[in-house]
Each structure stands twice: as C-alpha cells, then as structure tokens.
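Enquirer: Would you mind keeping the following structure in view while I ask a few things?
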Amino acid sequence: MSDLNIEPLGARVLVKPLEQEGKTPSGILLPETAKEKPQTGLVMAVGDDEEIKLKVNDKVLFAKYTGTEFTVDGAVYLVMECNDILARLKN
C-alpha cells in the first residue's frame with residue numbers, strides 16, 4: 001500500500017477486489033465477460049474515522065455494485081464507504 005500513496009478519508013476504505021475463479025465447480029472455463037463482479041476483497045487502507053472496525057489485510061465481503069473503481073499500475077482498487085462492507089471473512 002505504501003507505494004500507492006492513497007489514504008482514504010473519513011469512513012472510507014480502500015479495497016483490492018479479489019478475482020473469482022475462472023471456471024465453474026464442474027470445470028467449465030468462463031470467459032471474462034461471463035464472470036460476475038467480485039464481491040470479496042482485501043483491505044489495503046482505512047480512513048481516519050474512529051468507528052471503522054477494519055484493519056489492513058482483512059478479507060471482506062462487500063455489496064456488489066459499490067464503491068468508486070480506479071486502476072493504478074494495472075491493478076484495480078475500490079474506495080468505498082465502510083458501511084458498504086457487509087462482513088469480515090475469517091479463514
């Protein structure tokens with residue numbers, strides 16, 4: 001994250017979406033156009049709001065069409081309100 005130089009403000013979180021598997025459980029390969037939008041991601045940075053209960057490197061589940069998407073050096077990131085994060089995923 002340090003090389004991104006992006007710090008979310010307030011109750012916002014910077015998330016790197018985790019891509020879904022490229023094939024179905026039965027082994028059928030999916031083209032890029034058939035894949036669903038990712039709904040899981042890795043927290044890269046958190047805003048300065050004291051009520052955010054997330055930490056960097058938390059794996060999270062977020063609402064499907066949320067956040068502002070942008071690309072840095074070919075990697076896709078989302079900045080979203082912490083309220084759009086639905087759950088923290090445990091290993």
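Letters A, B, ... mark the chains of the structure tokens in the order given; residue numbers begin at 1 per chain; ligand numbers begin at 1, in order shown.
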Residues near range 65-72 of chain A, anyone? I mean within 9 Å using only C-alpha atoms, not counting same-chain ones fewer than 5 positions away, as a list in words.

Expert: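 Residues near the query, excluding close chain neighbours: Leu4, Lys37, Gln39, Tyr77, Leu78, Val79, Met80, Glu81 and Asp84 of chain A.
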
Enquirer: Using only C-alpha atoms, determine which residues lie at most 8 Å from Met44 in chain A, disregarding the query and same-chain residues fewer than 3 positions distant; provide the list as number ranges by chain.

Expert: A: 1, 13-16, 56-57

Enquirer: For a quick check of understanding, using only C-alpha atoms, which of A:Lys90, A:Lys53, A:Lys64, A:Lys59 has the smallest distance to Arg12 in chain A?

Expert: A:Lys53

Enquirer: Quick one: everything within 12 Å of Leu54 in chain A, counting only C-alpha atoms, minus sequence neighbours fewer than 5 positions away in the same chain. Send it as an MDAnalysis selection string.

Expert: chainID A and resid 11:15 42:49 59:61 81:83 85:89

Enquirer: Select, from A:Asn91, A:Ile6, A:Val76, A:Glu51, the residue with the minimum atom-to-atom distance to Leu18 in chain A, counting only C-alpha atoms.

Expert: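 With only C-alpha atoms as the atom set, the closest residue is A:Val76.
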
Enquirer: DSSP says strand (DSSP E or B) for which residues of range 6-90 of chain A? Put them as a ChimeraX atom specification?

Expert: /A:12-17,23,29,40-46,59-62,68-72,75-81,85-89

Enquirer: Would you save the residues from that selection as a short mmCIF file (atom, residue, chain, number, x, y, z; two decimals), in the first residue's frame, using N, CA and C atoms?

Expert:
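What landed in again_10.cif:
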data_model
loop_
_atom_site.label_atom_id
_atom_site.label_comp_id
_atom_site.auth_asym_id
_atom_site.auth_seq_id
_atom_site.Cartn_x
_atom_site.Cartn_y
_atom_site.Cartn_z
N ARG A 12 -14.12 5.89 4.94
CA ARG A 12 -13.92 5.16 3.69
C ARG A 12 -12.80 4.13 3.84
N VAL A 13 -12.87 3.12 2.97
CA VAL A 13 -11.91 2.03 2.98
C VAL A 13 -11.41 1.80 1.56
N LEU A 14 -10.12 1.53 1.41
CA LEU A 14 -9.54 1.18 0.12
C LEU A 14 -9.44 -0.34 0.06
N VAL A 15 -10.07 -0.95 -0.96
CA VAL A 15 -10.14 -2.40 -1.09
C VAL A 15 -9.60 -2.82 -2.45
N LYS A 16 -8.81 -3.90 -2.45
CA LYS A 16 -8.38 -4.52 -3.70
C LYS A 16 -9.28 -5.72 -3.94
N PRO A 17 -10.15 -5.66 -4.96
CA PRO A 17 -11.06 -6.79 -5.20
C PRO A 17 -10.28 -8.06 -5.53
N LYS A 23 -13.26 -20.69 -13.60
CA LYS A 23 -14.07 -21.82 -14.06
C LYS A 23 -15.09 -22.19 -13.01
N LEU A 29 -14.72 -23.53 -18.21
CA LEU A 29 -13.98 -22.27 -18.19
C LEU A 29 -14.91 -21.12 -18.55
N THR A 40 -15.62 -9.93 -2.98
CA THR A 40 -14.67 -10.07 -1.88
C THR A 40 -13.42 -9.28 -2.23
N GLY A 41 -12.74 -8.85 -1.18
CA GLY A 41 -11.53 -8.07 -1.42
C GLY A 41 -10.66 -8.03 -0.19
N LEU A 42 -9.51 -7.42 -0.36
CA LEU A 42 -8.53 -7.28 0.69
C LEU A 42 -8.41 -5.80 1.04
N VAL A 43 -8.54 -5.47 2.32
CA VAL A 43 -8.44 -4.08 2.76
C VAL A 43 -6.99 -3.63 2.63
N MET A 44 -6.79 -2.55 1.89
CA MET A 44 -5.44 -2.02 1.67
C MET A 44 -5.15 -0.82 2.57
N ALA A 45 -6.20 -0.05 2.92
CA ALA A 45 -6.05 1.11 3.79
C ALA A 45 -7.41 1.47 4.35
N VAL A 46 -7.42 2.10 5.53
CA VAL A 46 -8.67 2.54 6.14
C VAL A 46 -8.59 4.03 6.43
N LYS A 59 -9.80 -9.63 4.99
CA LYS A 59 -10.53 -10.07 3.81
C LYS A 59 -12.00 -9.78 4.08
N VAL A 60 -12.66 -9.09 3.15
CA VAL A 60 -14.02 -8.61 3.39
C VAL A 60 -14.97 -8.99 2.26
N LEU A 61 -16.26 -8.98 2.59
CA LEU A 61 -17.34 -9.17 1.64
C LEU A 61 -18.04 -7.82 1.54
N PHE A 62 -18.24 -7.33 0.31
CA PHE A 62 -18.87 -6.02 0.14
C PHE A 62 -20.02 -6.10 -0.84
N THR A 68 -16.07 3.34 -5.70
CA THR A 68 -15.52 4.01 -6.87
C THR A 68 -14.30 3.23 -7.31
N GLU A 69 -14.34 2.72 -8.53
CA GLU A 69 -13.27 1.87 -9.05
C GLU A 69 -12.23 2.72 -9.78
N PHE A 70 -10.96 2.40 -9.57
CA PHE A 70 -9.88 3.05 -10.31
C PHE A 70 -8.72 2.07 -10.46
N THR A 71 -7.84 2.37 -11.38
CA THR A 71 -6.72 1.48 -11.69
C THR A 71 -5.40 2.22 -11.45
N VAL A 72 -4.47 1.53 -10.79
CA VAL A 72 -3.12 2.05 -10.58
C VAL A 72 -2.15 0.96 -10.99
N ALA A 75 -3.51 -2.54 -11.64
CA ALA A 75 -4.28 -3.19 -10.57
C ALA A 75 -5.53 -2.37 -10.28
N VAL A 76 -6.65 -3.06 -10.08
CA VAL A 76 -7.93 -2.40 -9.82
C VAL A 76 -8.15 -2.27 -8.32
N TYR A 77 -8.63 -1.11 -7.88
CA TYR A 77 -8.93 -0.83 -6.48
C TYR A 77 -10.31 -0.20 -6.38
N LEU A 78 -10.91 -0.29 -5.21
CA LEU A 78 -12.18 0.36 -4.92
C LEU A 78 -12.03 1.21 -3.66
N VAL A 79 -12.59 2.41 -3.69
CA VAL A 79 -12.74 3.21 -2.48
C VAL A 79 -14.22 3.19 -2.17
N MET A 80 -14.58 2.77 -0.96
CA MET A 80 -16.00 2.66 -0.60
C MET A 80 -16.22 3.10 0.83
N GLU A 81 -17.47 3.43 1.12
CA GLU A 81 -17.86 3.73 2.49
C GLU A 81 -17.75 2.46 3.32
N ILE A 85 -19.28 -2.36 3.42
CA ILE A 85 -18.65 -3.64 3.74
C ILE A 85 -19.65 -4.43 4.57
N LEU A 86 -19.99 -5.61 4.10
CA LEU A 86 -21.03 -6.42 4.74
C LEU A 86 -20.49 -7.32 5.85
N ALA A 87 -19.25 -7.83 5.66
CA ALA A 87 -18.71 -8.76 6.64
C ALA A 87 -17.20 -8.89 6.49
N ARG A 88 -16.55 -9.28 7.57
CA ARG A 88 -15.14 -9.65 7.54
C ARG A 88 -15.11 -11.17 7.38
N LEU A 89 -14.33 -11.67 6.45
CA LEU A 89 -14.24 -13.12 6.21
C LEU A 89 -13.10 -13.69 7.03
#
